[in-house]
>>> print(open('entry-v6.tsv').read())   # TSV, C-alpha atoms
chain	number	residue	atom	x	y	z
A	20	ALA	CA	24.38	7.80	-12.85
A	21	ARG	CA	27.21	6.53	-15.04
A	22	MET	CA	29.72	8.84	-13.40
A	23	ALA	CA	28.42	7.82	-9.99
A	24	VAL	CA	28.91	4.13	-10.77
A	25	TYR	CA	32.38	4.78	-12.24
A	26	GLY	CA	33.50	6.75	-9.19
A	27	SER	CA	32.01	4.45	-6.55
A	28	HIS	CA	33.38	1.34	-4.89
A	29	ALA	CA	29.88	-0.03	-4.20
A	30	VAL	CA	26.49	0.22	-5.89
A	31	ASN	CA	23.30	-1.00	-4.29
A	32	GLY	CA	19.57	-1.10	-4.78
A	33	VAL	CA	17.27	-0.55	-1.82
A	34	ALA	CA	15.16	-3.72	-2.20
A	35	GLN	CA	15.78	-7.10	-3.78
A	36	ILE	CA	13.72	-6.41	-6.90
A	37	HIS	CA	15.25	-2.94	-7.28
A	38	THR	CA	18.78	-4.33	-7.19
A	39	GLU	CA	17.92	-6.97	-9.80
A	40	ILE	CA	16.43	-4.31	-12.10
A	41	LEU	CA	19.64	-2.26	-11.79
A	42	LYS	CA	21.70	-5.31	-12.68
A	43	LYS	CA	19.52	-6.61	-15.50
A	44	SER	CA	18.45	-3.39	-17.24
A	45	VAL	CA	19.06	0.09	-15.82
A	46	LEU	CA	22.80	-0.41	-15.17
A	47	LYS	CA	23.24	-3.67	-17.06
A	48	GLU	CA	26.46	-2.70	-18.89
A	49	TRP	CA	28.06	-1.46	-15.67
A	50	TYR	CA	27.10	-4.66	-13.87
A	51	GLN	CA	28.74	-6.67	-16.65
A	52	LEU	CA	31.91	-4.58	-16.29
A	53	THR	CA	32.12	-4.57	-12.48
A	54	PRO	CA	29.75	-7.16	-10.99
A	55	GLU	CA	31.69	-7.10	-7.72
A	56	LYS	CA	30.46	-3.56	-7.02
A	57	PHE	CA	26.78	-4.47	-7.00
A	58	GLN	CA	24.89	-5.58	-3.90
A	59	ASN	CA	21.49	-5.21	-2.25
A	60	LYS	CA	20.63	-3.23	0.89
A	61	THR	CA	16.91	-3.30	1.58
A	62	ASN	CA	15.55	-0.18	3.27
A	63	GLY	CA	14.35	-0.20	6.85
A	64	ILE	CA	12.37	1.88	9.31
A	65	THR	CA	12.90	2.66	12.98
A	66	GLN	CA	10.56	0.81	15.32
A	67	ARG	CA	11.27	3.41	18.00
A	68	LYS	CA	9.41	5.99	15.89
A	69	TRP	CA	6.90	3.86	14.01
A	70	LEU	CA	5.80	1.49	16.77
A	71	LEU	CA	7.10	2.47	20.22
A	72	GLN	CA	6.29	6.18	19.90
A	73	CYS	CA	3.26	6.25	17.61
A	74	ASN	CA	1.47	3.15	18.93
A	75	PRO	CA	2.06	3.05	22.71
A	76	ALA	CA	-0.88	0.72	23.45
A	77	LEU	CA	0.36	-1.92	21.01
A	78	SER	CA	3.95	-1.44	22.24
A	79	ARG	CA	2.92	-2.11	25.85
A	80	PHE	CA	0.91	-5.12	24.70
A	81	ILE	CA	3.96	-6.57	22.92
A	82	THR	CA	6.31	-5.86	25.82
A	83	GLU	CA	3.93	-7.57	28.26
A	84	ARG	CA	4.28	-10.75	26.26
A	85	ILE	CA	7.89	-10.89	25.04
A	86	GLY	CA	9.76	-8.25	27.02
A	87	SER	CA	11.30	-5.01	25.77
A	88	SER	CA	14.29	-6.31	23.80
A	89	TRP	CA	12.38	-5.77	20.53
A	90	ILE	CA	12.91	-2.01	20.95
A	91	THR	CA	16.58	-2.42	20.00
A	92	HIS	CA	16.45	-5.86	18.35
A	93	LEU	CA	13.35	-5.90	16.20
A	94	ASN	CA	13.79	-9.52	15.14
A	95	GLN	CA	12.61	-10.37	18.66
A	96	LEU	CA	9.07	-9.60	17.47
A	97	LYS	CA	9.08	-13.09	16.00
A	98	LYS	CA	8.35	-14.32	19.53
A	99	MET	CA	4.83	-12.91	19.12
A	100	GLU	CA	4.03	-15.82	16.80
A	101	ARG	CA	3.53	-18.09	19.80
A	102	PHE	CA	0.41	-16.07	20.73
A	103	GLN	CA	-1.32	-16.30	17.34
A	104	ASN	CA	-3.78	-18.93	18.55
A	105	ASP	CA	-4.35	-17.49	22.02
A	106	PRO	CA	-7.96	-16.19	22.23
A	107	GLU	CA	-7.20	-13.63	24.95
A	108	THR	CA	-4.25	-12.20	23.01
A	109	LEU	CA	-6.34	-11.91	19.85
A	110	ARG	CA	-9.20	-10.27	21.79
A	111	ARG	CA	-6.90	-7.68	23.38
A	112	PHE	CA	-5.17	-7.08	20.07
A	113	GLY	CA	-8.52	-6.39	18.41
A	114	GLU	CA	-9.46	-3.94	21.18
A	115	ILE	CA	-6.22	-2.00	20.71
A	116	LYS	CA	-6.80	-1.72	16.98
A	117	ARG	CA	-10.33	-0.44	17.52
A	118	ARG	CA	-9.18	2.19	20.04
A	119	ASN	CA	-6.59	3.39	17.53
A	120	LYS	CA	-9.34	3.60	14.91
A	121	GLN	CA	-11.42	5.70	17.30
A	122	VAL	CA	-8.50	8.10	17.83
A	123	LEU	CA	-8.18	8.57	14.07
A	124	ALA	CA	-11.96	8.91	13.66
A	125	ASP	CA	-12.02	11.67	16.31
A	126	TYR	CA	-9.19	13.46	14.51
A	127	ILE	CA	-10.94	13.25	11.13
A	128	GLU	CA	-14.15	14.65	12.60
A	129	LYS	CA	-12.30	17.50	14.32
A	130	VAL	CA	-10.03	18.50	11.42
A	131	GLU	CA	-11.90	17.40	8.30
A	132	GLY	CA	-15.43	17.88	9.63
A	133	VAL	CA	-16.34	14.37	8.45
A	134	THR	CA	-17.87	11.73	10.72
A	135	VAL	CA	-16.47	8.22	10.22
A	136	SER	CA	-17.23	5.04	12.13
A	137	PRO	CA	-14.50	2.99	13.84
A	138	ASP	CA	-16.67	-0.05	13.11
A	139	PHE	CA	-15.90	0.27	9.38
A	140	LEU	CA	-12.95	-1.54	7.83
A	141	PHE	CA	-10.16	1.07	7.51
A	142	ASP	CA	-8.56	0.61	4.08
A	143	VAL	CA	-5.65	3.04	3.57
A	144	GLN	CA	-3.45	4.24	0.74
A	145	ALA	CA	-1.05	6.87	2.04
A	146	LYS	CA	2.02	7.78	0.00
A	147	ARG	CA	3.29	10.26	-2.57
A	148	LEU	CA	0.68	10.86	-5.27
A	149	HIS	CA	2.11	9.45	-8.48
A	150	GLU	CA	0.67	7.63	-11.48
A	151	TYR	CA	2.91	4.59	-10.95
A	152	LYS	CA	1.69	4.22	-7.35
A	153	ARG	CA	-1.77	3.90	-8.89
A	154	GLN	CA	-4.10	5.75	-6.54
A	155	LEU	CA	-6.26	5.89	-9.67
A	156	LEU	CA	-6.55	2.09	-9.73
A	157	ASN	CA	-7.81	2.22	-6.14
A	158	ALA	CA	-10.39	4.84	-7.15
A	159	PHE	CA	-11.54	2.62	-10.04
A	160	SER	CA	-12.02	-0.31	-7.66
A	161	ILE	CA	-14.05	1.91	-5.31
A	162	LEU	CA	-16.25	2.93	-8.24
A	163	ASP	CA	-16.77	-0.75	-9.09
A	164	ILE	CA	-17.85	-1.37	-5.47
A	165	TYR	CA	-20.17	1.65	-5.63
A	166	TYR	CA	-21.91	0.41	-8.77
A	167	GLY	CA	-22.01	-3.11	-7.32
A	168	LEU	CA	-23.85	-1.83	-4.25
A	169	LYS	CA	-26.32	0.09	-6.42
A	170	GLU	CA	-26.96	-3.00	-8.55
A	171	GLY	CA	-27.18	-5.37	-5.57
A	172	ARG	CA	-24.38	-7.63	-6.82
A	173	ILE	CA	-22.22	-7.42	-3.63
A	174	PRO	CA	-24.09	-9.37	-0.94
A	175	GLY	CA	-22.81	-9.13	2.61
A	176	PHE	CA	-20.52	-6.18	1.86
A	177	THR	CA	-18.24	-5.23	4.75
A	178	PRO	CA	-18.78	-1.52	5.57
A	179	THR	CA	-15.54	0.13	4.47
A	180	LEU	CA	-13.83	3.49	4.84
A	181	PHE	CA	-11.30	4.15	2.09
A	182	LEU	CA	-8.70	6.66	3.27
A	183	PHE	CA	-6.20	8.44	1.02
A	184	GLY	CA	-3.25	10.49	2.16
A	185	ALA	CA	-0.64	12.00	-0.14
A	186	LYS	CA	2.16	14.51	-0.23
A	187	ALA	CA	1.53	17.66	-2.27
A	188	ALA	CA	1.86	17.62	-6.06
A	189	PRO	CA	2.03	21.34	-6.91
A	190	GLY	CA	3.79	20.94	-10.28
A	191	TYR	CA	2.29	17.61	-11.32
A	192	ALA	CA	-0.87	18.33	-13.29
A	193	VAL	CA	-2.03	14.71	-13.68
A	194	ALA	CA	-1.56	14.03	-9.96
A	195	LYS	CA	-3.72	17.04	-9.15
A	196	ARG	CA	-6.42	15.76	-11.49
A	197	ILE	CA	-6.35	12.37	-9.76
A	198	ILE	CA	-6.75	14.09	-6.38
A	199	ARG	CA	-9.71	15.99	-7.80
A	200	LEU	CA	-11.19	12.77	-9.17
A	201	ILE	CA	-10.96	11.04	-5.79
A	202	GLY	CA	-12.75	14.05	-4.33
A	203	SER	CA	-15.52	13.71	-6.91
A	204	VAL	CA	-15.91	10.00	-6.15
A	205	ALA	CA	-16.04	10.73	-2.42
A	206	ASP	CA	-18.73	13.37	-3.00
A	207	GLN	CA	-20.78	11.04	-5.21
A	208	ILE	CA	-20.72	8.27	-2.60
A	209	ASP	CA	-21.43	10.66	0.26
A	210	HIS	CA	-24.62	11.88	-1.40
A	211	ASP	CA	-26.03	8.50	-2.42
A	212	PRO	CA	-28.34	6.96	0.23
A	213	ILE	CA	-27.41	3.45	-0.94
A	214	CYS	CA	-23.94	3.98	0.54
A	215	LYS	CA	-25.05	5.20	3.97
A	216	ASP	CA	-23.44	3.08	6.70
A	217	ARG	CA	-21.75	0.98	4.02
A	218	LEU	CA	-19.16	2.91	2.01
A	219	GLN	CA	-17.19	6.10	2.57
A	220	VAL	CA	-14.14	7.77	0.99
A	221	VAL	CA	-12.01	10.47	2.63
A	222	PHE	CA	-8.96	12.19	1.17
A	223	LEU	CA	-7.05	13.45	4.20
A	224	GLU	CA	-5.76	17.00	3.93
A	225	ASN	CA	-2.14	17.96	4.58
A	226	TYR	CA	-0.73	14.45	4.93
A	227	ARG	CA	2.40	14.58	7.10
A	228	VAL	CA	4.38	12.64	9.69
A	229	SER	CA	2.19	13.63	12.66
A	230	MET	CA	-0.89	12.43	10.77
A	231	ALA	CA	0.89	9.23	9.73
A	232	GLU	CA	1.55	8.53	13.41
A	233	MET	CA	-2.23	8.26	13.89
A	234	LEU	CA	-2.97	6.66	10.54
A	235	MET	CA	-0.53	3.72	10.70
A	236	PRO	CA	-1.81	2.36	14.07
A	237	ALA	CA	-5.45	2.64	12.93
A	238	SER	CA	-5.04	1.04	9.48
A	239	GLU	CA	-6.32	-2.45	8.83
A	240	VAL	CA	-5.57	-2.72	5.10
A	241	SER	CA	-2.44	-1.28	3.49
A	242	GLN	CA	-2.68	-0.52	-0.23
A	243	GLN	CA	0.73	-1.12	-1.90
A	244	ILE	CA	-0.37	-1.39	-5.51
A	245	SER	CA	2.37	0.16	-7.65
A	246	THR	CA	3.06	-1.20	-11.14
A	247	ALA	CA	5.49	-4.10	-10.66
A	248	GLY	CA	9.03	-2.99	-11.43
A	249	LYS	CA	8.46	0.72	-10.70
A	250	GLU	CA	8.84	1.02	-6.89
A	251	ALA	CA	12.41	1.02	-5.57
A	252	SER	CA	11.47	-0.15	-2.09
A	253	GLY	CA	8.85	1.75	-0.17
A	254	THR	CA	8.92	2.26	3.59
A	255	GLY	CA	5.25	3.05	4.17
A	256	ASN	CA	4.53	-0.60	3.45
A	257	MET	CA	6.87	-1.53	6.33
A	258	LYS	CA	5.27	0.97	8.75
A	259	PHE	CA	1.79	-0.35	8.03
A	260	MET	CA	2.97	-3.96	8.41
A	261	MET	CA	4.69	-3.23	11.73
A	262	ASN	CA	1.41	-1.81	13.08
A	263	GLY	CA	-0.62	-4.81	11.97
A	264	ALA	CA	-2.15	-3.64	8.69
A	265	VAL	CA	-2.53	-6.41	6.12
A	266	THR	CA	-1.14	-5.67	2.67
A	267	ILE	CA	-2.98	-5.84	-0.62
A	268	GLY	CA	-0.29	-5.36	-3.20
A	269	THR	CA	1.79	-6.25	-6.22
A	270	LEU	CA	5.13	-8.03	-6.13
A	271	ASP	CA	7.01	-4.74	-6.28
A	272	GLY	CA	9.59	-3.01	-4.12
A	273	ALA	CA	9.92	-4.42	-0.61
A	274	ASN	CA	6.56	-6.17	-1.05
A	275	VAL	CA	8.64	-8.97	-2.58
A	276	GLU	CA	10.55	-9.46	0.67
A	277	MET	CA	7.37	-9.05	2.70
A	278	HIS	CA	5.90	-11.92	0.71
A	279	GLN	CA	8.99	-14.03	1.38
A	280	VAL	CA	8.53	-13.75	5.16
A	281	LEU	CA	4.70	-13.80	5.18
A	282	GLY	CA	3.65	-16.22	2.44
A	283	ASP	CA	0.55	-16.06	0.25
A	284	GLU	CA	-1.85	-16.62	3.13
A	285	ASN	CA	-0.88	-13.49	5.11
A	286	MET	CA	-1.11	-10.84	2.38
A	287	PHE	CA	-3.26	-10.34	-0.70
A	288	LEU	CA	-1.22	-10.34	-3.90
A	289	PHE	CA	-2.50	-9.48	-7.36
A	290	GLY	CA	-1.39	-8.33	-10.76
A	291	LEU	CA	1.42	-8.70	-13.22
A	292	LYS	CA	4.94	-9.46	-12.04
A	293	ALA	CA	7.76	-7.10	-13.08
A	294	GLU	CA	8.92	-9.22	-16.02
A	295	GLU	CA	5.33	-9.71	-17.20
A	296	ALA	CA	4.64	-5.98	-16.99
A	297	ALA	CA	7.78	-5.20	-18.99
A	298	ALA	CA	6.85	-7.74	-21.68
A	299	LEU	CA	3.24	-6.56	-21.93
A	300	SER	CA	4.27	-2.91	-22.29
A	301	ARG	CA	5.88	-3.69	-25.63
A	302	HIS	CA	2.56	-4.58	-27.32
A	303	TYR	CA	-0.13	-3.24	-24.99
A	304	ASP	CA	-3.49	-1.93	-26.21
A	305	PRO	CA	-5.71	-0.92	-23.25
A	306	LYS	CA	-8.59	-0.17	-25.63
A	307	LEU	CA	-8.99	-3.93	-26.18
A	308	LEU	CA	-9.55	-4.42	-22.43
A	309	TYR	CA	-12.03	-1.55	-22.38
A	310	ASP	CA	-14.00	-3.03	-25.29
A	311	ARG	CA	-13.99	-6.54	-23.80
A	312	ASP	CA	-14.90	-5.87	-20.13
A	313	PRO	CA	-18.28	-4.20	-19.41
A	314	VAL	CA	-17.38	-3.61	-15.72
A	315	LEU	CA	-14.18	-1.78	-16.61
A	316	ARG	CA	-15.97	0.08	-19.39
A	317	ARG	CA	-18.63	1.35	-17.00
A	318	VAL	CA	-15.98	2.69	-14.60
A	319	LEU	CA	-14.10	4.49	-17.36
A	320	ASP	CA	-17.25	5.85	-18.97
A	321	SER	CA	-18.32	7.24	-15.61
A	322	ILE	CA	-15.14	9.30	-15.21
A	323	ARG	CA	-15.54	10.57	-18.78
A	324	ASP	CA	-19.16	11.56	-18.16
A	325	GLY	CA	-18.52	13.06	-14.73
A	326	PHE	CA	-20.22	12.83	-11.35
A	327	ARG	CA	-22.67	14.70	-9.16
A	328	ASP	CA	-20.36	17.72	-8.96
A	329	GLY	CA	-20.48	18.15	-12.75
A	330	VAL	CA	-16.74	17.64	-13.30
A	331	SER	CA	-15.74	15.47	-16.25
A	332	TYR	CA	-12.43	13.59	-16.34
A	333	GLU	CA	-12.33	12.93	-20.07
A	334	ASP	CA	-8.65	13.93	-20.02
A	335	ILE	CA	-7.82	10.98	-17.74
A	336	TYR	CA	-10.11	8.71	-19.77
A	337	ARG	CA	-8.31	9.61	-23.00
A	338	ARG	CA	-4.86	9.43	-21.39
A	339	LEU	CA	-5.54	5.84	-20.33
A	340	LEU	CA	-7.10	4.62	-23.58
A	341	PHE	CA	-5.25	6.62	-26.22
A	342	GLY	CA	-2.17	8.15	-24.60
A	343	GLY	CA	-0.87	11.54	-25.69
A	344	ASP	CA	2.29	12.87	-24.08
A	345	CYS	CA	2.90	9.30	-22.82
A	346	PRO	CA	1.91	5.77	-23.93
A	347	ALA	CA	-1.71	4.78	-23.29
A	348	ASP	CA	-2.12	3.42	-19.75
A	349	GLN	CA	1.64	3.28	-19.31
A	350	TYR	CA	1.31	2.02	-15.73
A	351	LEU	CA	-1.02	-0.86	-16.67
A	352	LEU	CA	-3.98	0.04	-14.48
A	353	LEU	CA	-6.46	-1.56	-16.84
A	354	ALA	CA	-4.35	-4.70	-17.21
A	355	ASP	CA	-4.38	-5.24	-13.42
A	356	PHE	CA	-7.95	-4.07	-12.77
A	357	VAL	CA	-9.71	-7.45	-12.66
A	358	SER	CA	-6.98	-9.08	-10.57
A	359	TYR	CA	-7.01	-6.13	-8.16
A	360	CYS	CA	-10.78	-6.25	-7.68
A	361	ASP	CA	-10.58	-10.01	-7.08
A	362	ALA	CA	-7.90	-9.48	-4.42
A	363	GLY	CA	-10.11	-6.89	-2.74
A	364	ARG	CA	-12.98	-9.36	-2.59
A	365	ARG	CA	-10.69	-12.05	-1.09
A	366	MET	CA	-9.51	-9.55	1.48
A	367	MET	CA	-13.05	-8.57	2.51
A	368	GLU	CA	-14.10	-12.22	2.79
A	369	THR	CA	-11.16	-12.86	5.11
A	370	TYR	CA	-11.99	-9.78	7.20
A	371	GLY	CA	-15.39	-11.33	7.87
A	372	ASP	CA	-13.64	-13.88	10.11
A	373	ARG	CA	-12.25	-11.50	12.71
A	374	THR	CA	-10.31	-14.17	14.57
A	375	ARG	CA	-8.52	-15.19	11.39
A	376	TRP	CA	-7.97	-11.54	10.46
A	377	ASN	CA	-6.37	-10.75	13.83
A	378	GLN	CA	-4.12	-13.80	13.44
A	379	ILE	CA	-2.93	-12.54	10.05
A	380	SER	CA	-2.45	-9.04	11.45
A	381	LEU	CA	-0.44	-10.32	14.42
A	382	HIS	CA	1.64	-12.49	12.09
A	383	ASN	CA	2.48	-9.38	10.03
A	384	ILE	CA	3.79	-7.66	13.15
A	385	ALA	CA	5.78	-10.71	14.22
A	386	ARG	CA	7.49	-10.99	10.82
A	387	SER	CA	8.33	-7.27	10.42
A	388	GLY	CA	11.70	-7.50	12.18
A	389	VAL	CA	13.66	-7.84	8.93
A	390	PHE	CA	12.61	-4.29	7.99
A	391	ALA	CA	14.36	-2.57	10.90
A	392	ALA	CA	16.55	0.41	9.97
A	393	ASP	CA	19.01	-0.99	12.54
A	394	ARG	CA	19.47	-4.04	10.30
A	395	SER	CA	19.78	-1.91	7.17
A	396	ILE	CA	22.41	0.36	8.74
A	397	ARG	CA	24.39	-2.63	10.01
A	398	ASP	CA	24.40	-4.01	6.46
A	399	TYR	CA	25.74	-0.72	5.09
A	400	ALA	CA	28.35	-0.47	7.84
A	401	ARG	CA	29.61	-4.01	7.28
A	402	ASP	CA	29.53	-4.24	3.47
A	403	ILE	CA	29.87	-0.68	2.13
A	404	TRP	CA	31.24	1.75	4.72
A	405	HIS	CA	33.53	-0.82	6.37
A	406	VAL	CA	33.13	0.72	9.83
A	407	PRO	CA	32.39	-0.96	13.18
A	408	CYS	CA	28.71	-1.16	14.12
A	409	ARG	CA	27.49	-2.40	17.48
A	410	GLU	CA	25.05	-5.29	17.26
>>> encode(input="entry-v6.tsv", output="structure tokens")
Amino acid sequence: ARMAVYGSHAVNGVAQIHTEILKKSVLKEWYQLTPEKFQNKTNGITQRKWLLQCNPALSRFITERIGSSWITHLNQLKKMERFQNDPETLRRFGEIKRRNKQVLADYIEKVEGVTVSPDFLFDVQAKRLHEYKRQLLNAFSILDIYYGLKEGRIPGFTPTLFLFGAKAAPGYAVAKRIIRLIGSVADQIDHDPICKDRLQVVFLENYRVSMAEMLMPASEVSQQISTAGKEASGTGNMKFMMNGAVTIGTLDGANVEMHQVLGDENMFLFGLKAEEAAALSRHYDPKLLYDRDPVLRRVLDSIRDGFRDGVSYEDIYRRLLFGGDCPADQYLLLADFVSYCDAGRRMMETYGDRTRWNQISLHNIARSGVFAADRSIRDYARDIWHVPCRE
């Protein structure tokens, strides 16, 4: 990295928070030497792949209302904001989302042999399986919901399908254990009558682009829950947003810029900020949280003791509470657990008002123009490559 900075005329991060971390810590000395080299270029995605091609019904719906210029100038999607209070637009929009959910449900039944209902809330975390992306935190929240349903402490629960998709982790032992754990949780829920028609978990096999092209249009909630300060940018978050999924997430990666264009009321934020996470890591004892919080303790004890399939995850339990080859709970799952569960409850309450939910979803689409790859490439062409680029 040092040689790369020395030999380069420009250095950039791929999201606002990423660039600031490079400047303030990772490459701090180099930034002090040559501050003129450093700049930000936030990643982007192509709407021609991730909206026009993979979500034709929504694309036609948008074009009917604002014309087709958004296909090459994604900032034109902002014109969709004028329809946020139009009942007919919101009704049609809801119908398109449900049809996309049915397409995914049919695929899951055909390929996975699992029947899911398009009337459930589709809550999705699809990305590379890594500890810092915190699929395990999602699994802990699902376990909290499961025990809450058994104890009757979640009245009016919105029936929810939690979907996971992840790239392979053949050499990453902890990632494979987390995948196995999610499978155990799914099996436990599937065999408990209390969860019938209320809660379901599916880990999709062989996650890939062709599957993502069905998953993004059908998703209603996008899980972007990495430890603040660890995600460079993310592009899955942009693809979900562009297809109308509402984000529950930390202020990390491009979520920061999503928050800037959406505001608090159109996404569900939780957890420590990057500077808070860095400060906490210096004197963090997750065992104190475990001892203090009976809800968290029950979740962790359950993975230690194992589930219906007889598999114990004491290794994960001990890794979180006591460490080993890494610091205990180095990605601060337990520190963010309560805040994350609270955000999930706020999200489900909002989903209960489908008109309001569709307004938020439509607003996400309308504000996604800043994340176009066209914009990102123009920024590189103008500021780094110094080559002409057609507007």
>>> residues_around(input="entry-v6.tsv", residues="Ala391 in chain A", least_positions_apart="4", cutoff="9 Å", atoms="all atoms listed in the file", output="ChimeraX atom specification")
/A:62-66,92-94,257,387,395-396
>>> residues_around(input="entry-v6.tsv", residues="range 50-55 of chain A", least_positions_apart="3", cutoff="10 Å", atoms="all atoms listed in the file", output="ChimeraX atom specification")
/A:24-25,28-30,41-47,58
>>> write_last_selection(input="entry-v6.tsv", atoms="C-alpha atoms", output="PDB file, keeping the file's coordinate frame")
ATOM      1  CA  VAL A  24      28.910   4.130 -10.770  1.00  0.00           C
ATOM      2  CA  TYR A  25      32.380   4.780 -12.240  1.00  0.00           C
ATOM      3  CA  HIS A  28      33.380   1.340  -4.890  1.00  0.00           C
ATOM      4  CA  ALA A  29      29.880  -0.030  -4.200  1.00  0.00           C
ATOM      5  CA  VAL A  30      26.490   0.220  -5.890  1.00  0.00           C
ATOM      6  CA  LEU A  41      19.640  -2.260 -11.790  1.00  0.00           C
ATOM      7  CA  LYS A  42      21.700  -5.310 -12.680  1.00  0.00           C
ATOM      8  CA  LYS A  43      19.520  -6.610 -15.500  1.00  0.00           C
ATOM      9  CA  SER A  44      18.450  -3.390 -17.240  1.00  0.00           C
ATOM     10  CA  VAL A  45      19.060   0.090 -15.820  1.00  0.00           C
ATOM     11  CA  LEU A  46      22.800  -0.410 -15.170  1.00  0.00           C
ATOM     12  CA  LYS A  47      23.240  -3.670 -17.060  1.00  0.00           C
ATOM     13  CA  GLN A  58      24.890  -5.580  -3.900  1.00  0.00           C
TER      14      GLN A  58
END
>>> closest_residue(input="entry-v6.tsv", among="A:Phe139, A:Tyr332, A:Phe80, A:Phe341", to="Ser238 in chain A", atoms="only C-alpha atoms")
A:Phe139
>>> closest_residue(input="entry-v6.tsv", among="A:Leu270, A:Leu291, A:Leu351, A:Leu339", to="Arg153 in chain A", atoms="all atoms listed in the file")
A:Leu351
>>> closest_atom_pairs(input="entry-v6.tsv", of="range 77-152 of chain A", to="range 195-204 of chain A", cutoff="10 Å", atoms="only C-alpha atoms", output="CSV")
residue,atom,partner,partner_atom,distance
A:Leu148,CA,A:Ile198,CA,8.2
A:His149,CA,A:Ile197,CA,9.0
A:Glu150,CA,A:Ile197,CA,8.6
>>> residues_around(input="entry-v6.tsv", residues="Met230 in chain A", least_positions_apart="2", cutoff="12 Å", atoms="only C-alpha atoms", output="list in words")
Cys73, Val122, Leu123, Ala124, Tyr126, Ile127, Val130, Ala145, Phe183, Gly184, Ala185, Lys186, Leu223, Glu224, Asn225, Tyr226, Arg227, Val228, Glu232, Met233, Leu234, Met235, Pro236 and Ala237 of chain A
>>> residues_near_point(input="entry-v6.tsv", point="(-13.0, -7.3, -5.2)", cutoff="12 Å", atoms="all atoms listed in the file", output="number ranges by chain")
A: 157, 159-165, 167, 172-173, 176-177, 267, 287, 289, 314, 356-369
>>> residues_around(input="entry-v6.tsv", residues="Gln103 in chain A", least_positions_apart="5", cutoff="12 Å", atoms="all atoms listed in the file", output="list in words")
Arg84, Lys97, Lys98, Thr108, Leu109, Arg110, Arg111, Phe112, Thr374, Arg375, Trp376, Asn377, Gln378, Ile379, Ser380, Leu381, His382, Asn383, Ile384 and Ala385 of chain A
>>> atom_distance(input="entry-v6.tsv", atom1="CA of Arg101 in chain A", atom2="CA of Arg67 in chain A")
22.9 Å
>>> atom_distance(input="entry-v6.tsv", atom1="CA of Asn262 in chain A", atom2="CA of Thr82 in chain A")
14.2 Å
>>> residues_around(input="entry-v6.tsv", residues="Pro178 in chain A", least_positions_apart="5", cutoff="7 Å", atoms="only C-alpha atoms", output="JSON, numbers by chain")
{"A": [139, 140, 216, 217, 218]}
>>> closest_residue(input="entry-v6.tsv", among="A:Gly175, A:Gly263, A:Gly325, A:Gly190", to="Ile81 in chain A", atoms="all atoms listed in the file")
A:Gly263
>>> decode(input="entry-v6.tsv", residues="range 164-176 of chain A", atoms="N, CA and C atoms", output="PDB file, in the first residue's frame")
ATOM      1  N   ILE A 164     -36.427 -12.982  18.415  1.00  0.00           N
ATOM      2  CA  ILE A 164     -37.818 -12.993  17.948  1.00  0.00           C
ATOM      3  C   ILE A 164     -38.468 -14.359  18.232  1.00  0.00           C
ATOM      4  N   TYR A 165     -37.728 -15.414  17.945  1.00  0.00           N
ATOM      5  CA  TYR A 165     -38.241 -16.772  18.169  1.00  0.00           C
ATOM      6  C   TYR A 165     -38.636 -16.980  19.636  1.00  0.00           C
ATOM      7  N   TYR A 166     -37.754 -16.606  20.544  1.00  0.00           N
ATOM      8  CA  TYR A 166     -38.072 -16.772  21.968  1.00  0.00           C
ATOM      9  C   TYR A 166     -39.193 -15.827  22.384  1.00  0.00           C
ATOM     10  N   GLY A 167     -39.244 -14.645  21.771  1.00  0.00           N
ATOM     11  CA  GLY A 167     -40.325 -13.709  22.064  1.00  0.00           C
ATOM     12  C   GLY A 167     -41.680 -14.246  21.652  1.00  0.00           C
ATOM     13  N   LEU A 168     -41.728 -14.932  20.504  1.00  0.00           N
ATOM     14  CA  LEU A 168     -42.984 -15.549  20.068  1.00  0.00           C
ATOM     15  C   LEU A 168     -43.385 -16.680  21.012  1.00  0.00           C
ATOM     16  N   LYS A 169     -42.423 -17.475  21.445  1.00  0.00           N
ATOM     17  CA  LYS A 169     -42.724 -18.587  22.353  1.00  0.00           C
ATOM     18  C   LYS A 169     -43.229 -18.077  23.701  1.00  0.00           C
ATOM     19  N   GLU A 170     -42.706 -16.930  24.127  1.00  0.00           N
ATOM     20  CA  GLU A 170     -43.072 -16.380  25.442  1.00  0.00           C
ATOM     21  C   GLU A 170     -44.264 -15.436  25.366  1.00  0.00           C
ATOM     22  N   GLY A 171     -44.738 -15.149  24.137  1.00  0.00           N
ATOM     23  CA  GLY A 171     -45.886 -14.268  23.979  1.00  0.00           C
ATOM     24  C   GLY A 171     -45.593 -12.807  24.238  1.00  0.00           C
ATOM     25  N   ARG A 172     -44.341 -12.386  24.107  1.00  0.00           N
ATOM     26  CA  ARG A 172     -44.000 -10.987  24.384  1.00  0.00           C
ATOM     27  C   ARG A 172     -43.855 -10.143  23.108  1.00  0.00           C
ATOM     28  N   ILE A 173     -44.306 -10.674  21.940  1.00  0.00           N
ATOM     29  CA  ILE A 173     -44.293  -9.884  20.703  1.00  0.00           C
ATOM     30  C   ILE A 173     -45.714  -9.886  20.135  1.00  0.00           C
ATOM     31  N   PRO A 174     -46.582  -9.021  20.654  1.00  0.00           N
ATOM     32  CA  PRO A 174     -47.955  -8.982  20.128  1.00  0.00           C
ATOM     33  C   PRO A 174     -47.987  -8.381  18.727  1.00  0.00           C
ATOM     34  N   GLY A 175     -48.900  -8.888  17.914  1.00  0.00           N
ATOM     35  CA  GLY A 175     -49.070  -8.332  16.572  1.00  0.00           C
ATOM     36  C   GLY A 175     -47.857  -8.472  15.687  1.00  0.00           C
ATOM     37  N   PHE A 176     -47.114  -9.561  15.835  1.00  0.00           N
ATOM     38  CA  PHE A 176     -45.891  -9.754  15.042  1.00  0.00           C
ATOM     39  C   PHE A 176     -46.213  -9.879  13.562  1.00  0.00           C
TER      40      PHE A 176
END
